[in-house]
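Have a look at the structure below before the remarks.
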Amino acid sequence: MSAGLPAWLLRYRWPIALALLPALVVMIRWASFLPSVIDWDESLYLLQAREWLRGNWPFSGVWDMHPLGAPAIIAVFFLIFGESLETVRFLGAFCVTATGYALIALTRVAGAPRALGYAAALLYAAHTLQMGGLASNTEILFAPFVVSSLALALAPGPLWPRLIGMGVLIGCALLVKQVVTPEGCLAFAIFAWPLLRERRWGLLLATAAAYAALCLTPTALVAVIYAIRGEFHIWYESTILAPLEYASGRIPLEQMFWRITLAALALRWLLALGLPALLFAPREPVLRRLMGLALLWFAVACLAVAGPGFFFPHYFLIVVPPLALLAAIGAYSFAHYVGGLRARLALAALLGFAAVDMVATDLAPRLTRGFAMGAPDTPRRMAALMNDELQPGDTIFVPNYQPVVYFLTQARLPTRFPFPVHLTGGFANLAGVDTDAEVARILASRPRFIVLDRTEWFAMRPSAMSMLTEALEEGYELAASFAEERGPVELWRRVEAE
């Protein structure tokens with residue numbers, strides 16, 4: 001088959017394939033550029049980023065219990081490409097591409113074939129369509145740092161430069177989300193294994209201390225900056241105490257197994273393709289070692305998923321890189337065992353079909369209302385209506401709906417707690433303030449508009465429901481109602497005094 005191809009194409013097929021990876025990722029993730037909301041957390045991060053660029057720092061200006069890494073990365077992209085939802089979704093594609101390149105690098109330093117790494121990259125990209133992975137969420141943002149650190153841990157070469165690179169990468173990942181800690185420990189364990197086998201105890205202790213210091217340095221620098229600003233207590237309560245309190249909670253076992261089952265169904269191709277690795281990879285020393293790494297990595301990633309105790313869908317994105325690697329090993333080892341060009345082509349077609357199936361699975365729900373997928377959704381329509389009437393300095397209040405509405409209206413925030421569950425919902429205890437008093441203060445300021453999601457009405461605290469009901473009855477009129485699949489979303493306008 002290759003006889004009819006130009007010689008230059010055969011010579012440069014691998015650089016061409018690497019250059020095409022970003023385009024393939026964008027093609028796979030094209031639907032991320034359509035909706036205004038994919039995941040609520042992403043909406044909070046981009047709102048934090050926008051407000052940061054306006055001088056309102058994370059935590060003191062816009063509260064959250066996650067570190068400031070996600071809004072920091074988004075803010076950098078806002079500065080380069082402009083403040084828009086498209087910029088945030090491009091960031092997601094960028095990070096998925098970077099993770100793909102890191103997977104390729106990891107397989108290459110392990111001595112595996114190039115095709116195996118490329119298959120892992122494509123399988124990873126395809127499965128980020130599931131479980132909220134189209135959003136530029138933390139699990140998408142920190143994946144390139146984690147996978148790159150593992151590649152450095154496996155790579156040959158001078159010890160200290162690799163260690164410094166690993167520490168900086170994991171340190172940056174910890175600024176995005178602390179849940180990367182188990183994978184950071186795995187990276188050092190891989191790095192330190194040769195030292196342990198050689199019983200070089202002094203060097204082992206020195207590298208461990210240096211690695212720990214490097215991992216903690218970015219967080220320590222952020223703490224110092226907030227201390228200089230006189231806001232250390234806010235930073236400490238937000239990123240240390242609140243996550244610990246959050247992690248102390250647990251969902252019921254029945255709900256946990258239900259969410260794990262849903263995740264397993266979403267990752268069905270990776271699990272199925274990974275099975276041949278257990279049978280055929282042990283025949284090749286390189287593949288056997290790489291399979292061992294993938295299995296160990298998957299086990300550690302499962303610990304990271306289980307750590308917070310809530311098993312939200314996007315948490316399972318943490319296991320996608322090791323499962324993509326394991327699936328690629330299974331596919332390649334089976335094709336190598338069968339032998340022949342036809343077997344390899346058939347397996348390549350199977351991998352392509354798996355990617356197409358992931359795209360189709362994501363696309364099917366979007367076609368339930370016809371082909372008008374690019375039409376403005378409810379947050380955009382609602383924001384357009386408000387923008388026609390909002391005056392400079394006006395505020396809006398979104399007590400139980402998508403916080404992206406704040407971003408789309410460019411309205412001034414009425415509170416540092418724009419995320420509904422932190423202010424009116426079930427996680428208000430994490431905010432560290434009297435949230436009832438905060439809701440009362442917001443309503444007393446009489447925002448120009450109030451957005452209510454009637455399907456989420458009873459998810460609010462009774463006290464917040466009571467205050468909102470009284471405020472709406474006394475000073476607001478229903479301006480519009482928007483029909484969504486789950487129920488109506490109402491827009492209330494302030495009634496001006498005669």
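Quick note on naming: the chains in the structure tokens go A, B, ... in the order shown, residues restart at 1 in each chain, and ligands are numbered from 1 in order of appearance.
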Nearby residues (only C-alpha atoms) at most 9 Å from Ala294 of chain A, same-chain spacing under 5 positions excluded, as a PDB file with N, CA and C atoms, in the first residue's frame:
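Resulting contents of result.pdb:
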ATOM      1  N   ARG A 289       6.092  -4.078  30.923  1.00  0.00           N
ATOM      2  CA  ARG A 289       6.419  -3.025  31.885  1.00  0.00           C
ATOM      3  C   ARG A 289       5.453  -1.856  31.772  1.00  0.00           C
ATOM      4  N   ALA A 299      -4.796   2.394  39.411  1.00  0.00           N
ATOM      5  CA  ALA A 299      -5.140   2.176  40.817  1.00  0.00           C
ATOM      6  C   ALA A 299      -4.961   3.455  41.628  1.00  0.00           C
ATOM      7  N   PRO A 321      -6.600   9.062  31.421  1.00  0.00           N
ATOM      8  CA  PRO A 321      -5.260   8.868  30.850  1.00  0.00           C
ATOM      9  C   PRO A 321      -4.683   7.472  31.075  1.00  0.00           C
ATOM     10  N   PRO A 322      -4.686   6.916  32.305  1.00  0.00           N
ATOM     11  CA  PRO A 322      -4.142   5.554  32.443  1.00  0.00           C
ATOM     12  C   PRO A 322      -4.968   4.507  31.714  1.00  0.00           C
ATOM     13  N   LEU A 323      -6.289   4.686  31.673  1.00  0.00           N
ATOM     14  CA  LEU A 323      -7.113   3.715  30.942  1.00  0.00           C
ATOM     15  C   LEU A 323      -6.890   3.831  29.432  1.00  0.00           C
ATOM     16  N   ALA A 324      -6.691   5.043  28.933  1.00  0.00           N
ATOM     17  CA  ALA A 324      -6.383   5.210  27.509  1.00  0.00           C
ATOM     18  C   ALA A 324      -5.067   4.534  27.167  1.00  0.00           C
ATOM     19  N   LEU A 325      -4.086   4.660  28.047  1.00  0.00           N
ATOM     20  CA  LEU A 325      -2.806   3.992  27.833  1.00  0.00           C
ATOM     21  C   LEU A 325      -2.976   2.479  27.852  1.00  0.00           C
ATOM     22  N   LEU A 326      -3.734   1.976  28.808  1.00  0.00           N
ATOM     23  CA  LEU A 326      -3.954   0.535  28.905  1.00  0.00           C
ATOM     24  C   LEU A 326      -4.711   0.017  27.689  1.00  0.00           C
TER      25      LEU A 326
END
Wanna dump the segment 28-100 of chain A-segment 429-433 of chain A contacts at 12 Å for me, each residue with its shortest atom pair and the distance in Å to one decimal, counting only C-alpha atoms, ordered by chain and number, as JSON lines?
{"residue": "A:Phe59", "atom": "CA", "partner": "A:Ala431", "partner_atom": "CA", "distance": 10.0}
{"residue": "A:Ser60", "atom": "CA", "partner": "A:Ala431", "partner_atom": "CA", "distance": 11.4}
{"residue": "A:Val62", "atom": "CA", "partner": "A:Ala431", "partner_atom": "CA", "distance": 11.2}
{"residue": "A:Trp63", "atom": "CA", "partner": "A:Ala431", "partner_atom": "CA", "distance": 7.8}
{"residue": "A:Asp64", "atom": "CA", "partner": "A:Ala431", "partner_atom": "CA", "distance": 8.0}
{"residue": "A:Met65", "atom": "CA", "partner": "A:Leu430", "partner_atom": "CA", "distance": 7.9}
{"residue": "A:His66", "atom": "CA", "partner": "A:Leu430", "partner_atom": "CA", "distance": 11.6}
- Task: Measuring atom to atom with only C-alpha atoms, identify which of A:Pro156, A:Val146, A:Pro71, A:Ala220 is nearest to Ala110 of chain A.
- Result: A:Pro156
- Task: Extract, using only C-alpha atoms, all DNA, RNA and protein residues at most 10 Å from Ala155 of chain A, discarding same-chain residues fewer than 5 positions from it, and format them as a PyMOL selection string.
- Result: chain A and resi 105-111+149-150+162+191
- Task: Excluding Val398 of chain A and any residue of its chain fewer than 5 positions from it, enumerate the residues within 10 Å of it, using only C-alpha atoms, and give them as an MDAnalysis selection string.
- Result: chainID A and resid 403:406 413:414 418:420 447 449:453 491
Kindly export the residues of the current selection with N, CA, C and O atoms, as a CSV table (one decimal), in the first residue's frame.
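Written out: result.csv:
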chain,number,residue,atom,x,y,z
A,403,PRO,N,-24.1,30.1,37.1
A,403,PRO,CA,-23.4,31.3,37.3
A,403,PRO,C,-22.8,31.9,36.1
A,403,PRO,O,-22.3,33.1,36.1
A,404,VAL,N,-22.8,31.2,35.0
A,404,VAL,CA,-22.3,31.8,33.7
A,404,VAL,C,-23.2,33.0,33.3
A,404,VAL,O,-22.7,33.8,32.5
A,405,VAL,N,-24.4,33.1,33.8
A,405,VAL,CA,-25.2,34.2,33.5
A,405,VAL,C,-24.5,35.5,33.9
A,405,VAL,O,-24.6,36.6,33.2
A,406,TYR,N,-23.9,35.5,35.1
A,406,TYR,CA,-23.1,36.7,35.5
A,406,TYR,C,-22.1,37.1,34.4
A,406,TYR,O,-21.9,38.2,34.1
A,413,LEU,N,-21.0,41.9,40.1
A,413,LEU,CA,-21.4,40.9,41.0
A,413,LEU,C,-22.0,41.4,42.3
A,413,LEU,O,-21.5,42.4,42.9
A,414,PRO,N,-23.1,40.8,42.8
A,414,PRO,CA,-23.7,41.3,44.0
A,414,PRO,C,-23.1,40.7,45.3
A,414,PRO,O,-23.4,41.1,46.4
A,418,PRO,N,-20.8,33.8,44.1
A,418,PRO,CA,-21.8,33.6,43.0
A,418,PRO,C,-22.2,32.2,42.7
A,418,PRO,O,-23.0,31.9,41.9
A,419,PHE,N,-21.5,31.2,43.3
A,419,PHE,CA,-21.8,29.8,43.1
A,419,PHE,C,-23.0,29.4,43.9
A,419,PHE,O,-22.9,29.4,45.2
A,420,PRO,N,-24.1,29.0,43.4
A,420,PRO,CA,-25.3,28.9,44.1
A,420,PRO,C,-25.2,27.9,45.3
A,420,PRO,O,-25.7,28.2,46.4
A,447,PRO,N,-31.1,44.0,43.5
A,447,PRO,CA,-30.6,43.8,42.2
A,447,PRO,C,-31.6,44.1,41.1
A,447,PRO,O,-32.8,44.0,41.3
A,449,PHE,N,-32.1,42.5,38.3
A,449,PHE,CA,-32.8,41.3,37.9
A,449,PHE,C,-32.5,40.1,38.9
A,449,PHE,O,-31.4,40.1,39.5
A,450,ILE,N,-33.4,39.2,39.0
A,450,ILE,CA,-33.2,38.0,39.8
A,450,ILE,C,-33.6,36.8,38.9
A,450,ILE,O,-34.6,36.8,38.2
A,451,VAL,N,-32.7,35.8,38.8
A,451,VAL,CA,-32.9,34.6,37.9
A,451,VAL,C,-33.2,33.4,38.9
A,451,VAL,O,-32.4,33.1,39.8
A,452,LEU,N,-34.3,32.8,38.6
A,452,LEU,CA,-34.7,31.6,39.4
A,452,LEU,C,-35.0,30.4,38.5
A,452,LEU,O,-35.7,30.5,37.5
A,453,ASP,N,-34.4,29.3,38.9
A,453,ASP,CA,-34.6,28.0,38.3
A,453,ASP,C,-35.6,27.3,39.2
A,453,ASP,O,-35.3,26.8,40.3
A,491,LEU,N,-37.1,34.9,34.9
A,491,LEU,CA,-36.3,36.2,35.0
A,491,LEU,C,-37.3,37.2,35.6
A,491,LEU,O,-38.3,37.6,35.0
- Do a neighbour search on Leu423 of chain A at 9 Å with only C-alpha atoms, toss out local chain neighbours closer than 3 positions, and write the hits as a ChimeraX atom specification. /A:399-400,417-420,426-429,431,435-436,438-439,460,464
Emit the selected residues as an mmCIF file, in the first residue's frame, including N, CA, C and O atoms.
data_model
loop_
_atom_site.group_PDB
_atom_site.id
_atom_site.type_symbol
_atom_site.label_atom_id
_atom_site.label_comp_id
_atom_site.auth_asym_id
_atom_site.auth_seq_id
_atom_site.Cartn_x
_atom_site.Cartn_y
_atom_site.Cartn_z
ATOM 1 N N PRO A 399 -29.581 33.106 42.316
ATOM 2 C CA PRO A 399 -29.459 32.309 43.539
ATOM 3 C C PRO A 399 -29.422 30.807 43.347
ATOM 4 O O PRO A 399 -28.933 30.092 44.220
ATOM 5 N N ASN A 400 -29.962 30.300 42.217
ATOM 6 C CA ASN A 400 -29.983 28.838 42.064
ATOM 7 C C ASN A 400 -29.899 28.388 40.614
ATOM 8 O O ASN A 400 -30.373 27.313 40.258
ATOM 9 N N PHE A 417 -19.928 35.309 46.567
ATOM 10 C CA PHE A 417 -20.342 33.907 46.538
ATOM 11 C C PHE A 417 -21.324 33.680 45.384
ATOM 12 O O PHE A 417 -22.517 33.450 45.607
ATOM 13 N N PRO A 418 -20.841 33.755 44.133
ATOM 14 C CA PRO A 418 -21.758 33.610 42.995
ATOM 15 C C PRO A 418 -22.151 32.171 42.689
ATOM 16 O O PRO A 418 -23.043 31.942 41.872
ATOM 17 N N PHE A 419 -21.476 31.201 43.317
ATOM 18 C CA PHE A 419 -21.796 29.802 43.052
ATOM 19 C C PHE A 419 -22.978 29.415 43.938
ATOM 20 O O PHE A 419 -22.869 29.445 45.179
ATOM 21 N N PRO A 420 -24.112 29.029 43.366
ATOM 22 C CA PRO A 420 -25.338 28.861 44.148
ATOM 23 C C PRO A 420 -25.226 27.915 45.336
ATOM 24 O O PRO A 420 -25.730 28.222 46.422
ATOM 25 N N GLY A 426 -26.687 23.273 49.415
ATOM 26 C CA GLY A 426 -26.279 22.301 50.413
ATOM 27 C C GLY A 426 -24.860 22.424 50.905
ATOM 28 O O GLY A 426 -24.508 21.783 51.902
ATOM 29 N N PHE A 427 -24.002 23.218 50.231
ATOM 30 C CA PHE A 427 -22.618 23.364 50.673
ATOM 31 C C PHE A 427 -22.348 24.756 51.245
ATOM 32 O O PHE A 427 -21.209 25.223 51.265
ATOM 33 N N ALA A 428 -23.406 25.413 51.726
ATOM 34 C CA ALA A 428 -23.243 26.761 52.280
ATOM 35 C C ALA A 428 -22.384 26.757 53.529
ATOM 36 O O ALA A 428 -21.775 27.774 53.883
ATOM 37 N N ASN A 429 -22.307 25.604 54.211
ATOM 38 C CA ASN A 429 -21.484 25.527 55.421
ATOM 39 C C ASN A 429 -19.996 25.687 55.127
ATOM 40 O O ASN A 429 -19.206 25.974 56.024
ATOM 41 N N ALA A 431 -18.689 27.991 53.189
ATOM 42 C CA ALA A 431 -18.326 29.376 52.875
ATOM 43 C C ALA A 431 -17.686 30.108 54.042
ATOM 44 O O ALA A 431 -16.974 31.101 53.841
ATOM 45 N N THR A 435 -24.429 32.725 55.613
ATOM 46 C CA THR A 435 -24.963 32.860 54.260
ATOM 47 C C THR A 435 -26.385 33.412 54.247
ATOM 48 O O THR A 435 -26.793 34.048 53.274
ATOM 49 N N ASP A 436 -27.159 33.189 55.300
ATOM 50 C CA ASP A 436 -28.486 33.810 55.368
ATOM 51 C C ASP A 436 -28.361 35.327 55.426
ATOM 52 O O ASP A 436 -29.105 36.051 54.756
ATOM 53 N N GLU A 438 -25.899 36.979 54.229
ATOM 54 C CA GLU A 438 -25.412 37.409 52.911
ATOM 55 C C GLU A 438 -26.556 37.489 51.905
ATOM 56 O O GLU A 438 -26.649 38.448 51.120
ATOM 57 N N VAL A 439 -27.458 36.519 51.916
ATOM 58 C CA VAL A 439 -28.620 36.558 51.019
ATOM 59 C C VAL A 439 -29.486 37.772 51.357
ATOM 60 O O VAL A 439 -29.956 38.480 50.454
ATOM 61 N N MET A 460 -32.654 24.736 47.462
ATOM 62 C CA MET A 460 -32.175 25.823 48.322
ATOM 63 C C MET A 460 -32.607 25.581 49.770
ATOM 64 O O MET A 460 -33.545 24.834 50.051
ATOM 65 N N ALA A 464 -33.481 30.635 52.682
ATOM 66 C CA ALA A 464 -33.226 31.384 51.448
ATOM 67 C C ALA A 464 -34.484 31.447 50.586
ATOM 68 O O ALA A 464 -34.790 32.492 49.985
#
- Message: Could you go through segment 424-491 of chain A and tell me which residues DSSP, when run on the backbone, assigns to alpha helix (DSSP H), listing them as a PyMOL selection string?
- Response: chain A and resi 435-444+462-475
Which residues, written as a compact mmCIF listing (two decimals) with N, CA, C and O atoms, in the first residue's frame, have at least one atom at most 7 Å from segment 407-409 of chain A, with only C-alpha atoms counted and residues fewer than 5 positions away on the same chain left out?
# COMPACT_ATOMS: atom_id res chain seq x y z
N LEU A 47 -15.64 32.94 35.73
CA LEU A 47 -16.09 34.15 36.42
C LEU A 47 -15.00 34.67 37.35
O LEU A 47 -14.75 35.89 37.42
N ARG A 380 -27.78 32.41 27.32
CA ARG A 380 -27.46 33.47 26.35
C ARG A 380 -28.68 34.33 26.04
O ARG A 380 -28.58 35.56 25.94
N ALA A 383 -29.37 36.50 29.07
CA ALA A 383 -28.37 37.56 29.19
C ALA A 383 -28.61 38.67 28.17
O ALA A 383 -28.45 39.85 28.48
N MET A 386 -31.37 40.90 29.43
CA MET A 386 -30.93 41.77 30.52
C MET A 386 -29.97 42.85 30.04
O MET A 386 -30.02 43.99 30.51
N ASN A 387 -29.08 42.50 29.11
CA ASN A 387 -28.10 43.48 28.64
C ASN A 387 -28.76 44.68 27.98
O ASN A 387 -28.18 45.78 27.95
- Skipping near chain neighbours, those fewer than 5 positions away, what residues fall within 9 Å of Gly249 of chain A using only C-alpha atoms, listed as a ChimeraX atom specification? /A:308-310
Export, as a PDB file, in the first residue's frame, the selected residues with C-alpha atoms.
ATOM      1  CA  PRO A 308     -13.272  13.588  48.053  1.00  0.00           C
ATOM      2  CA  GLY A 309     -16.032  11.024  48.682  1.00  0.00           C
ATOM      3  CA  PHE A 310     -18.680  12.338  46.276  1.00  0.00           C
TER       4      PHE A 310
END
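When only C-alpha atoms are used to compute distances to Ser248 of chain A, the closest of the residues A:Glu139, A:Ala125, A:Ala306, A:Leu363 turns out to be A:Ala306.
Across A:Met166, A:Ala459, A:Gly307, A:Gly117, the tightest approach to Ala331 of chain A is made by A:Gly117 when counting only C-alpha atoms.
Each of A:Ala19, A:Leu367, A:Leu116, A:Ile234 was compared to Ala335 of chain A using only C-alpha atoms, and A:Leu116 turns out to be the nearest.
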- Query: as a ChimeraX atom specification, which residues of segment 348-492 of chain A does DSSP assign to strand (DSSP E)?
  - Reply: /A:396-397,449-453,476-484,487-492
- Message: For a test of reading the model, state the distance in Å between atom CA of Ala411 of chain A and atom CA of Thr395 of chain A, rounded to one decimal.
- Response: 5.5 Å
- Query: From the list A:Asn56, A:Ser148, A:Ser481, A:Thr239, which residue is nearest Arg493 of chain A when using only C-alpha atoms?
  - Reply: A:Ser481
